[in-house]
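Student: Please see the structure below; I have some questions.
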There are 2 protein chains.
Amino acid sequence: MLHLIIADSELELVPKELQNHPSIISHAKRRFKKPEEILLDSTYHHTALKSLKDGERRGRPDIVHLCLINALESILNKEGKLRVYVHTRNNEVIYIKPETRLPRNYNRFVGLMESLFKNRVIPKDLALLRIENKTLSEIIGDIGPDAVFIMHENGVLMSPQSFGRKLNEYISPAVIVGGFPHGDFLSVLEGEKISIYKEPLMAWSVVNEVLINYEGSLLW
Amino acid sequence: MLHLIIADSELELVPKELQNHPSIISHAKRRFKKPEEILLDSTYHHTALKSLKDGERRGRPDIVHLCLINALESILNKEGKLRVYVHTRNNEVIYIKPETRLPRNYNRFVGLMESLFKNRVIPKDLALLRIENKTLSEIIGDIGPDAVFIMHENGVLMSPQSFGRKLNEYISPAVIVGGFPHGDFLSVLEGEKISIYKEPLMAWSVVNEVLINYEGSLLW
């Protein structure tokens, strides 16, 4: 079983300090929602983000969407060998049941995340998704993996295939992938740093490489 | 070099017979465009699609977006070993230069495709994307691959790893993946049918498995 953690993801509702910004108010109005109910999204809130701390990396629900849609539709997940967690910059964690079929359409995904931040669990009966306040080290403590690997551009360089084989030396390893566009992790991390390519890769490309090479070494 | 063709993709502008449908008119108006200038999208045009031939599978730009965003950000593409083509149900083909950085945001991708259908090439100077009228067999004739494989749920079952190794027996193989949600290809296909899993997979999952297992066998 592989535990995939998308960590320090740039997924959050519009923070208090931006709720009065004209671009946020008008975007919320167009969506028939209140400013505090909508996701921060760099595509639409670019100007507002300029005044925010870490503004150049925040508001990226698209990265989370792409990572999840790839992970949940992977062969590894269909074989029941994957658990996925989304940890955010505000130390929240989203638990996603493996059988969850996320919206393929981005706008619907955004709506779903907004509903999750509001209701904390959806749907109420099946609880396919739920959110809790937790730091990255608390999540890892709960999982109790027998190894923790951090995908990092300054990590030990090895091929994705070798890394897939290495992961298979463990029963229940955890792999941490940064859910942000650039820069470094915000959380304090303990684990072995690994790099699978000589250049930085997008988060979803790392997710694909890790899952498929782990699967290749595990299943076939 | 691997040639990846996303074939019979459900990517098209709103067809003539739906341009007067109330849901299309109001959606186009909200986007400040004419009905004939917007992409058909099942998320928004569900009711209108009911009256259209093959309506239950049409209007899926999201599938093309997910396939492309994974393919273009893959290690294989960064290594210069991949060419990607999008063939549509209306026998058009989109050529995408490997260095193209597609919008990660779905709505921006939709806008880009609408502009491509209108202008046939974007941007005019770099021509990162261009569209031409061509059938699937004409595209394959142009490429001249030394083998053609069709990813198909009724194909010969083999593991993704074995298929990656098999692809590496050729210098310039072409792999065809269906860019539609379910059902069969519309185009007449010649090539070896391959299935990499006992259940149907989403198009982007097949793309990820093919590229990463080919890469694994080629590069490492």
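In the structure tokens, each chain is lettered A, B, ... as it comes, each chain's residues begin at 1, and ligands are numbered from 1 in order of appearance.
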As a list in words, could you give me every residue of chain B near chain A (at most 7 Å apart, counting only C-alpha atoms)?
Tutor: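 Listed by rising number, the hits are Asp62, Asn70, Glu73, Ser74, Arg104, Asn105, Tyr106, Ser159, Gln161, Met202, Ser205, Asn208, Glu209, Ile212, Gly216 and Trp220 of chain B.
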Student: For those residues, write all heavy atoms to a file as a short mmCIF file (atom, residue, chain, number, x, y, z; two decimals), in the first residue's frame.
Tutor:
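Output file part_12.cif follows:
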```
data_model
loop_
_atom_site.label_atom_id
_atom_site.label_comp_id
_atom_site.auth_asym_id
_atom_site.auth_seq_id
_atom_site.Cartn_x
_atom_site.Cartn_y
_atom_site.Cartn_z
N ASP B 62 -12.51 18.39 -21.75
CA ASP B 62 -11.76 18.08 -20.53
C ASP B 62 -10.85 16.87 -20.72
O ASP B 62 -9.75 16.81 -20.18
CB ASP B 62 -12.72 17.85 -19.35
CG ASP B 62 -13.74 16.76 -19.63
OD1 ASP B 62 -14.31 16.72 -20.76
OD2 ASP B 62 -13.99 15.92 -18.75
N ASN B 70 -0.83 16.08 -19.24
CA ASN B 70 0.04 15.00 -18.77
C ASN B 70 1.15 14.69 -19.77
O ASN B 70 2.31 14.53 -19.39
CB ASN B 70 -0.79 13.73 -18.52
CG ASN B 70 -1.58 13.79 -17.22
OD1 ASN B 70 -1.09 14.32 -16.22
ND2 ASN B 70 -2.79 13.28 -17.21
N GLU B 73 3.88 17.58 -20.09
CA GLU B 73 4.72 17.77 -18.89
C GLU B 73 5.45 16.49 -18.48
O GLU B 73 6.04 16.43 -17.41
CB GLU B 73 3.86 18.27 -17.72
CG GLU B 73 3.27 19.66 -17.92
CD GLU B 73 4.31 20.76 -18.00
OE1 GLU B 73 5.39 20.60 -17.40
OE2 GLU B 73 4.07 21.76 -18.69
N SER B 74 5.39 15.47 -19.33
CA SER B 74 6.05 14.20 -18.99
C SER B 74 7.56 14.30 -19.20
O SER B 74 8.05 15.13 -19.98
CB SER B 74 5.49 13.08 -19.87
OG SER B 74 5.86 13.30 -21.22
N ARG B 104 -2.85 25.47 -17.57
CA ARG B 104 -3.25 24.45 -16.59
C ARG B 104 -4.73 24.63 -16.22
O ARG B 104 -5.38 23.71 -15.80
CB ARG B 104 -2.43 24.59 -15.29
CG ARG B 104 -1.02 24.10 -15.42
CD ARG B 104 -0.12 25.10 -16.12
NE ARG B 104 1.26 24.71 -16.06
CZ ARG B 104 1.86 23.98 -17.00
NH1 ARG B 104 1.25 23.58 -18.08
NH2 ARG B 104 3.15 23.68 -16.88
N ASN B 105 -5.19 25.87 -16.36
CA ASN B 105 -6.57 26.16 -16.01
C ASN B 105 -7.48 25.76 -17.17
O ASN B 105 -7.27 26.16 -18.31
CB ASN B 105 -6.72 27.65 -15.70
CG ASN B 105 -8.15 28.01 -15.36
OD1 ASN B 105 -8.98 28.16 -16.25
ND2 ASN B 105 -8.45 28.12 -14.08
N TYR B 106 -8.51 24.97 -16.85
CA TYR B 106 -9.39 24.42 -17.88
C TYR B 106 -10.09 25.52 -18.70
O TYR B 106 -10.17 25.42 -19.93
CB TYR B 106 -10.44 23.52 -17.21
CG TYR B 106 -11.48 23.00 -18.17
CD1 TYR B 106 -11.14 22.08 -19.15
CD2 TYR B 106 -12.80 23.43 -18.13
CE1 TYR B 106 -12.08 21.60 -20.06
CE2 TYR B 106 -13.75 22.96 -19.01
CZ TYR B 106 -13.38 22.03 -19.97
OH TYR B 106 -14.31 21.57 -20.87
N SER B 159 0.65 -6.44 -19.68
CA SER B 159 0.90 -5.44 -18.64
C SER B 159 1.44 -4.16 -19.28
O SER B 159 2.06 -4.22 -20.35
CB SER B 159 1.90 -5.99 -17.63
OG SER B 159 3.20 -5.95 -18.18
N GLN B 161 3.95 -2.54 -18.44
CA GLN B 161 5.40 -2.68 -18.54
C GLN B 161 5.81 -3.45 -19.78
O GLN B 161 6.73 -3.05 -20.50
CB GLN B 161 5.93 -3.39 -17.30
CG GLN B 161 6.08 -2.48 -16.10
CD GLN B 161 7.14 -2.99 -15.15
OE1 GLN B 161 7.23 -4.19 -14.90
NE2 GLN B 161 7.94 -2.09 -14.59
N MET B 202 -9.60 5.47 -18.08
CA MET B 202 -9.80 6.78 -18.68
C MET B 202 -8.66 7.06 -19.65
O MET B 202 -7.54 6.57 -19.44
CB MET B 202 -9.84 7.87 -17.60
CG MET B 202 -10.98 7.74 -16.59
SD MET B 202 -12.61 7.48 -17.33
CE MET B 202 -12.87 9.06 -18.16
N SER B 205 -5.35 8.15 -18.18
CA SER B 205 -4.64 7.09 -17.45
C SER B 205 -3.87 6.21 -18.43
O SER B 205 -2.74 5.79 -18.16
CB SER B 205 -5.62 6.22 -16.67
OG SER B 205 -6.33 7.00 -15.75
N ASN B 208 -0.79 8.15 -19.54
CA ASN B 208 0.26 8.11 -18.51
C ASN B 208 0.99 6.76 -18.50
O ASN B 208 2.21 6.71 -18.46
CB ASN B 208 -0.33 8.36 -17.12
CG ASN B 208 -0.83 9.79 -16.95
OD1 ASN B 208 -0.36 10.69 -17.63
ND2 ASN B 208 -1.79 9.99 -16.05
N GLU B 209 0.23 5.68 -18.54
CA GLU B 209 0.84 4.34 -18.50
C GLU B 209 1.74 4.10 -19.72
O GLU B 209 2.85 3.58 -19.59
CB GLU B 209 -0.26 3.26 -18.46
CG GLU B 209 -1.03 3.18 -17.14
CD GLU B 209 -0.25 2.49 -16.03
OE1 GLU B 209 0.82 1.91 -16.29
OE2 GLU B 209 -0.71 2.56 -14.87
N ILE B 212 4.98 6.56 -19.63
CA ILE B 212 5.93 6.30 -18.55
C ILE B 212 6.58 4.92 -18.71
O ILE B 212 7.77 4.76 -18.46
CB ILE B 212 5.26 6.51 -17.17
CG1 ILE B 212 5.03 8.01 -16.98
CG2 ILE B 212 6.10 5.92 -16.05
CD1 ILE B 212 4.21 8.39 -15.77
N GLY B 216 10.42 4.37 -19.38
CA GLY B 216 11.18 3.52 -18.45
C GLY B 216 12.07 2.55 -19.19
O GLY B 216 13.22 2.29 -18.82
N TRP B 220 16.05 4.53 -18.95
CA TRP B 220 16.75 4.21 -17.70
C TRP B 220 17.43 2.85 -17.71
O TRP B 220 17.04 1.97 -18.39
CB TRP B 220 15.78 4.29 -16.50
CG TRP B 220 14.89 5.47 -16.55
CD1 TRP B 220 13.54 5.45 -16.66
CD2 TRP B 220 15.26 6.86 -16.50
NE1 TRP B 220 13.05 6.72 -16.69
CE2 TRP B 220 14.08 7.61 -16.59
CE3 TRP B 220 16.48 7.53 -16.38
CZ2 TRP B 220 14.07 9.01 -16.57
CZ3 TRP B 220 16.46 8.91 -16.36
CH2 TRP B 220 15.28 9.63 -16.47
#
```
Student: I'd like the neighbourhood of B:Gly155 as a list of chain:residue names, where a residue qualifies if any of its atoms comes within 8 Å (using only C-alpha atoms), though same-chain residues fewer than 3 positions away should be ignored.
Tutor: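 Within the cut-off, the hits are B:Ile150, B:Met151, B:His152, B:Glu192, B:Lys193, B:Ile194, B:Ser195.
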Student: For the residues selected in the previous step, produce a file with C-alpha atoms as a PDB file, in the first residue's frame.
Tutor:
```
ATOM      1  CA  ILE B 150      -4.440   0.924 -30.827  1.00  0.00           C
ATOM      2  CA  MET B 151      -5.285   1.036 -27.123  1.00  0.00           C
ATOM      3  CA  HIS B 152      -8.551  -0.847 -26.958  1.00  0.00           C
ATOM      4  CA  GLU B 192      -2.463  -4.019 -33.384  1.00  0.00           C
ATOM      5  CA  LYS B 193      -5.088  -3.706 -30.644  1.00  0.00           C
ATOM      6  CA  ILE B 194      -3.636  -3.668 -27.128  1.00  0.00           C
ATOM      7  CA  SER B 195      -5.303  -3.647 -23.710  1.00  0.00           C
TER       8      SER B 195
END
```
Student: So which residues touch stretch 81-84 of chain B within 12 Å, counting only C-alpha atoms, skipping near sequence neighbours fewer than 3 positions away, as a PyMOL selection string?
Tutor: chain B and resi 1-7+64+67-78+87+93-100+128-129+139+143+145+168+171-177+207+210-212+214-215+218-219
Student: For atom CA of B:Thr135 and atom CA of B:Phe180, quote the distance in Å rounded to one decimal.
Tutor: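 Interatomic distance here is 16.4 Å.
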Student: Stretch 30-147 of chain A: which residues are strand (DSSP E) by DSSP, as a PyMOL selection string?
Tutor: chain A and resi 82-88+92-96+121-122+129-133
Student: To one decimal place in Å, what is the distance between atom CA of B:Gly111 and atom CA of B:Ile24?
Tutor: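 Result for atom CA of B:Gly111 versus atom CA of B:Ile24: 16.0 Å, one decimal.
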Student: Among the residues of chain A, find those DSSP assigns to alpha helix (DSSP H) from the backbone and print them as a short mmCIF file (atom, residue, chain, number, x, y, z; two decimals) with N, CA, C and O atoms, in the first residue's frame.
Tutor:
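Just written: result04.cif:
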```cif
data_model
loop_
_atom_site.label_atom_id
_atom_site.label_comp_id
_atom_site.auth_asym_id
_atom_site.auth_seq_id
_atom_site.Cartn_x
_atom_site.Cartn_y
_atom_site.Cartn_z
N PRO A 22 -11.84 44.40 -4.77
CA PRO A 22 -12.86 44.51 -5.84
C PRO A 22 -12.91 43.29 -6.77
O PRO A 22 -13.99 42.83 -7.13
N SER A 23 -11.75 42.74 -7.16
CA SER A 23 -11.74 41.62 -8.12
C SER A 23 -12.34 40.36 -7.49
O SER A 23 -12.98 39.55 -8.16
N ILE A 24 -12.15 40.21 -6.18
CA ILE A 24 -12.72 39.05 -5.47
C ILE A 24 -14.23 39.22 -5.35
O ILE A 24 -15.00 38.29 -5.61
N ILE A 25 -14.65 40.43 -4.95
CA ILE A 25 -16.08 40.69 -4.78
C ILE A 25 -16.83 40.45 -6.09
O ILE A 25 -17.87 39.77 -6.12
N SER A 26 -16.28 40.94 -7.20
CA SER A 26 -17.00 40.80 -8.48
C SER A 26 -16.99 39.35 -8.95
O SER A 26 -17.97 38.85 -9.50
N HIS A 27 -15.88 38.64 -8.71
CA HIS A 27 -15.82 37.22 -9.11
C HIS A 27 -16.81 36.39 -8.29
O HIS A 27 -17.51 35.53 -8.83
N ALA A 28 -16.88 36.68 -7.00
CA ALA A 28 -17.83 35.96 -6.12
C ALA A 28 -19.27 36.23 -6.57
O ALA A 28 -20.09 35.31 -6.66
N LYS A 29 -19.55 37.49 -6.89
CA LYS A 29 -20.90 37.89 -7.31
C LYS A 29 -21.30 37.13 -8.57
O LYS A 29 -22.40 36.61 -8.68
N ARG A 30 -20.37 37.06 -9.54
CA ARG A 30 -20.66 36.33 -10.80
C ARG A 30 -20.99 34.87 -10.52
O ARG A 30 -21.70 34.22 -11.28
N HIS A 46 -5.46 37.22 -9.71
CA HIS A 46 -4.07 37.58 -9.92
C HIS A 46 -3.70 38.92 -9.28
O HIS A 46 -2.72 39.02 -8.53
N THR A 47 -4.51 39.95 -9.54
CA THR A 47 -4.22 41.29 -9.01
C THR A 47 -4.29 41.29 -7.49
O THR A 47 -3.40 41.83 -6.82
N ALA A 48 -5.34 40.69 -6.95
CA ALA A 48 -5.51 40.65 -5.50
C ALA A 48 -4.34 39.92 -4.83
O ALA A 48 -3.87 40.32 -3.76
N LEU A 49 -3.85 38.87 -5.49
CA LEU A 49 -2.78 38.06 -4.90
C LEU A 49 -1.46 38.82 -4.75
O LEU A 49 -0.63 38.45 -3.90
N PRO A 61 -5.87 25.61 -7.05
CA PRO A 61 -6.67 24.37 -6.97
C PRO A 61 -6.48 23.47 -8.18
O PRO A 61 -6.69 22.27 -8.09
N ASP A 62 -6.04 24.06 -9.31
CA ASP A 62 -5.82 23.25 -10.52
C ASP A 62 -4.76 22.18 -10.31
O ASP A 62 -4.88 21.06 -10.83
N ILE A 63 -3.72 22.50 -9.53
CA ILE A 63 -2.66 21.51 -9.28
C ILE A 63 -3.22 20.33 -8.49
O ILE A 63 -2.95 19.18 -8.80
N VAL A 64 -4.02 20.63 -7.48
CA VAL A 64 -4.64 19.56 -6.68
C VAL A 64 -5.56 18.71 -7.55
O VAL A 64 -5.55 17.48 -7.50
N HIS A 65 -6.35 19.39 -8.39
CA HIS A 65 -7.28 18.68 -9.28
C HIS A 65 -6.52 17.71 -10.19
O HIS A 65 -6.89 16.53 -10.29
N LEU A 66 -5.46 18.19 -10.82
CA LEU A 66 -4.71 17.34 -11.74
C LEU A 66 -4.05 16.16 -11.02
O LEU A 66 -4.08 15.02 -11.51
N CYS A 67 -3.49 16.41 -9.84
CA CYS A 67 -2.88 15.30 -9.08
C CYS A 67 -3.93 14.26 -8.71
O CYS A 67 -3.70 13.05 -8.85
N LEU A 68 -5.07 14.70 -8.24
CA LEU A 68 -6.10 13.77 -7.78
C LEU A 68 -6.73 12.98 -8.92
O LEU A 68 -6.98 11.78 -8.80
N ILE A 69 -7.01 13.65 -10.02
CA ILE A 69 -7.68 12.99 -11.13
C ILE A 69 -6.76 11.91 -11.73
O ILE A 69 -7.22 10.87 -12.18
N ASN A 70 -5.46 12.16 -11.70
CA ASN A 70 -4.51 11.15 -12.16
C ASN A 70 -4.39 10.01 -11.15
O ASN A 70 -4.41 8.84 -11.53
N ALA A 71 -4.28 10.35 -9.88
CA ALA A 71 -4.07 9.32 -8.85
C ALA A 71 -5.30 8.41 -8.73
O ALA A 71 -5.18 7.19 -8.70
N LEU A 72 -6.49 9.01 -8.68
CA LEU A 72 -7.70 8.20 -8.45
C LEU A 72 -8.06 7.33 -9.64
O LEU A 72 -8.70 6.28 -9.47
N ILE A 75 -4.20 2.74 -12.34
CA ILE A 75 -4.34 1.29 -12.13
C ILE A 75 -4.06 0.95 -10.66
O ILE A 75 -4.75 0.14 -10.05
N LEU A 76 -3.05 1.62 -10.10
CA LEU A 76 -2.69 1.35 -8.70
C LEU A 76 -3.88 1.55 -7.77
O LEU A 76 -4.15 0.72 -6.89
N ASN A 77 -4.63 2.62 -7.98
CA ASN A 77 -5.80 2.87 -7.14
C ASN A 77 -6.90 1.85 -7.40
O ASN A 77 -7.55 1.36 -6.48
N LYS A 78 -7.10 1.50 -8.68
CA LYS A 78 -8.11 0.50 -9.02
C LYS A 78 -7.79 -0.86 -8.39
O LYS A 78 -8.67 -1.66 -8.12
N TYR A 106 -13.08 21.07 -14.23
CA TYR A 106 -12.42 21.87 -13.21
C TYR A 106 -13.40 22.72 -12.39
O TYR A 106 -13.31 22.79 -11.16
N ASN A 107 -14.35 23.36 -13.09
CA ASN A 107 -15.27 24.25 -12.37
C ASN A 107 -16.14 23.48 -11.38
O ASN A 107 -16.46 23.97 -10.30
N ARG A 108 -16.49 22.26 -11.76
CA ARG A 108 -17.25 21.43 -10.82
C ARG A 108 -16.40 20.99 -9.65
O ARG A 108 -16.88 20.87 -8.52
N PHE A 109 -15.12 20.74 -9.91
CA PHE A 109 -14.20 20.39 -8.82
C PHE A 109 -14.09 21.54 -7.83
O PHE A 109 -14.12 21.34 -6.61
N VAL A 110 -13.98 22.76 -8.37
CA VAL A 110 -13.90 23.94 -7.50
C VAL A 110 -15.15 24.04 -6.63
O VAL A 110 -15.06 24.25 -5.41
N GLY A 111 -16.31 23.84 -7.22
CA GLY A 111 -17.56 23.85 -6.47
C GLY A 111 -17.58 22.80 -5.36
O GLY A 111 -18.03 23.05 -4.24
N LEU A 112 -17.04 21.64 -5.68
CA LEU A 112 -16.98 20.54 -4.70
C LEU A 112 -16.08 20.89 -3.53
O LEU A 112 -16.43 20.66 -2.35
N MET A 113 -14.93 21.48 -3.82
CA MET A 113 -14.00 21.86 -2.76
C MET A 113 -14.61 22.96 -1.87
O MET A 113 -14.46 22.94 -0.66
N GLU A 114 -15.31 23.90 -2.48
CA GLU A 114 -15.97 24.96 -1.71
C GLU A 114 -17.02 24.37 -0.78
O GLU A 114 -17.13 24.77 0.39
N SER A 115 -17.73 23.39 -1.27
CA SER A 115 -18.73 22.73 -0.45
C SER A 115 -18.07 21.92 0.68
O SER A 115 -18.57 21.85 1.80
N LEU A 116 -16.90 21.34 0.37
CA LEU A 116 -16.17 20.58 1.39
C LEU A 116 -15.66 21.49 2.51
O LEU A 116 -15.77 21.16 3.69
N PHE A 117 -15.13 22.64 2.15
CA PHE A 117 -14.64 23.59 3.17
C PHE A 117 -15.80 24.05 4.06
O PHE A 117 -15.62 24.30 5.24
N LYS A 118 -16.99 24.14 3.49
CA LYS A 118 -18.16 24.60 4.24
C LYS A 118 -18.74 23.48 5.11
O LYS A 118 -19.03 23.69 6.29
N ASN A 119 -18.89 22.29 4.54
CA ASN A 119 -19.61 21.21 5.23
C ASN A 119 -18.71 20.21 5.94
O ASN A 119 -19.19 19.35 6.66
N LEU A 136 1.22 18.28 8.67
CA LEU A 136 1.78 17.18 7.89
C LEU A 136 2.34 16.09 8.80
O LEU A 136 2.14 14.89 8.55
N SER A 137 3.02 16.49 9.88
CA SER A 137 3.62 15.45 10.72
C SER A 137 2.55 14.70 11.52
O SER A 137 2.70 13.51 11.80
N GLU A 138 1.43 15.36 11.80
CA GLU A 138 0.32 14.63 12.45
C GLU A 138 -0.28 13.58 11.50
O GLU A 138 -0.59 12.46 11.91
N ILE A 139 -0.43 13.96 10.22
CA ILE A 139 -0.97 12.99 9.25
C ILE A 139 -0.05 11.78 9.16
O ILE A 139 -0.51 10.63 9.20
N ILE A 140 1.24 12.06 9.05
CA ILE A 140 2.21 10.96 8.92
C ILE A 140 2.19 10.10 10.19
O ILE A 140 2.25 8.87 10.11
N GLY A 141 2.08 10.76 11.35
CA GLY A 141 1.96 10.01 12.61
C GLY A 141 0.76 9.06 12.60
O GLY A 141 0.84 7.92 13.03
N ASP A 142 -0.37 9.55 12.07
CA ASP A 142 -1.59 8.73 11.98
C ASP A 142 -1.40 7.53 11.05
O ASP A 142 -1.84 6.42 11.34
N ILE A 143 -0.78 7.79 9.89
CA ILE A 143 -0.60 6.73 8.88
C ILE A 143 0.37 5.67 9.40
O ILE A 143 0.14 4.47 9.22
N PRO A 160 13.10 7.26 -12.12
CA PRO A 160 11.78 6.92 -11.59
C PRO A 160 11.61 5.41 -11.41
O PRO A 160 11.00 4.96 -10.45
N GLN A 161 12.21 4.64 -12.32
CA GLN A 161 12.13 3.18 -12.21
C GLN A 161 12.83 2.67 -10.95
O GLN A 161 12.30 1.83 -10.23
N SER A 162 14.05 3.17 -10.71
CA SER A 162 14.77 2.75 -9.50
C SER A 162 14.00 3.14 -8.25
O SER A 162 13.93 2.38 -7.28
N PHE A 163 13.39 4.32 -8.30
CA PHE A 163 12.63 4.76 -7.13
C PHE A 163 11.40 3.86 -6.92
O PHE A 163 11.07 3.50 -5.79
N GLY A 164 10.75 3.46 -8.01
CA GLY A 164 9.63 2.52 -7.92
C GLY A 164 10.04 1.21 -7.24
O GLY A 164 9.35 0.70 -6.37
N ARG A 165 11.22 0.72 -7.63
CA ARG A 165 11.72 -0.53 -7.02
C ARG A 165 12.05 -0.31 -5.55
O ARG A 165 11.77 -1.15 -4.70
N LYS A 166 12.65 0.84 -5.24
CA LYS A 166 13.03 1.16 -3.86
C LYS A 166 11.79 1.18 -2.97
O LYS A 166 11.79 0.63 -1.86
N LEU A 167 10.72 1.82 -3.47
CA LEU A 167 9.47 1.90 -2.70
C LEU A 167 8.94 0.51 -2.37
O LEU A 167 8.34 0.29 -1.31
N ALA A 203 3.84 18.94 -10.29
CA ALA A 203 3.41 18.01 -9.23
C ALA A 203 2.72 16.78 -9.82
O ALA A 203 3.00 15.63 -9.42
N TRP A 204 1.82 16.97 -10.81
CA TRP A 204 1.09 15.81 -11.34
C TRP A 204 1.99 14.88 -12.14
O TRP A 204 1.73 13.68 -12.18
N SER A 205 3.06 15.42 -12.73
CA SER A 205 4.01 14.55 -13.45
C SER A 205 4.76 13.67 -12.45
O SER A 205 5.01 12.49 -12.72
N VAL A 206 5.11 14.24 -11.31
CA VAL A 206 5.78 13.45 -10.27
C VAL A 206 4.83 12.37 -9.76
O VAL A 206 5.21 11.20 -9.61
N VAL A 207 3.58 12.75 -9.52
CA VAL A 207 2.58 11.77 -9.06
C VAL A 207 2.48 10.61 -10.05
O VAL A 207 2.55 9.43 -9.67
N ASN A 208 2.37 10.92 -11.35
CA ASN A 208 2.26 9.87 -12.36
C ASN A 208 3.48 8.94 -12.35
O ASN A 208 3.34 7.72 -12.37
N GLU A 209 4.66 9.53 -12.31
CA GLU A 209 5.89 8.74 -12.34
C GLU A 209 5.98 7.83 -11.11
O GLU A 209 6.32 6.65 -11.23
N VAL A 210 5.66 8.38 -9.95
CA VAL A 210 5.78 7.60 -8.71
C VAL A 210 4.78 6.44 -8.72
O VAL A 210 5.13 5.28 -8.49
N LEU A 211 3.51 6.74 -9.02
CA LEU A 211 2.48 5.70 -8.95
C LEU A 211 2.72 4.60 -9.99
O LEU A 211 2.61 3.42 -9.68
N ILE A 212 3.06 4.98 -11.20
CA ILE A 212 3.19 3.99 -12.27
C ILE A 212 4.45 3.15 -12.09
O ILE A 212 4.44 1.94 -12.34
N ASN A 213 5.53 3.74 -11.63
CA ASN A 213 6.73 2.94 -11.41
C ASN A 213 6.63 2.06 -10.16
O ASN A 213 7.19 0.96 -10.13
N TYR A 214 5.91 2.52 -9.17
CA TYR A 214 5.65 1.66 -7.99
C TYR A 214 4.78 0.49 -8.41
O TYR A 214 5.07 -0.67 -8.10
N GLU A 215 3.73 0.80 -9.15
CA GLU A 215 2.80 -0.21 -9.66
C GLU A 215 3.53 -1.24 -10.54
O GLU A 215 3.32 -2.45 -10.40
N GLY A 216 4.41 -0.74 -11.41
CA GLY A 216 5.15 -1.63 -12.32
C GLY A 216 5.96 -2.64 -11.55
O GLY A 216 6.03 -3.82 -11.91
N SER A 217 6.54 -2.18 -10.46
CA SER A 217 7.41 -3.03 -9.68
C SER A 217 6.57 -3.94 -8.75
O SER A 217 7.00 -5.03 -8.38
N LEU A 218 5.38 -3.50 -8.42
CA LEU A 218 4.52 -4.24 -7.47
C LEU A 218 3.67 -5.30 -8.16
O LEU A 218 3.53 -6.43 -7.68
N LEU A 219 3.06 -4.93 -9.31
CA LEU A 219 1.99 -5.77 -9.86
C LEU A 219 2.43 -6.69 -11.00
O LEU A 219 1.84 -7.75 -11.18
#
```
Student: Using Å and a single decimal, report how far atom CA of A:Leu13 sits from atom CA of A:Gly59.
Tutor: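 Computing the Euclidean distance for atom CA of A:Gly59 and atom CA of A:Leu13 yields 8.7 Å.
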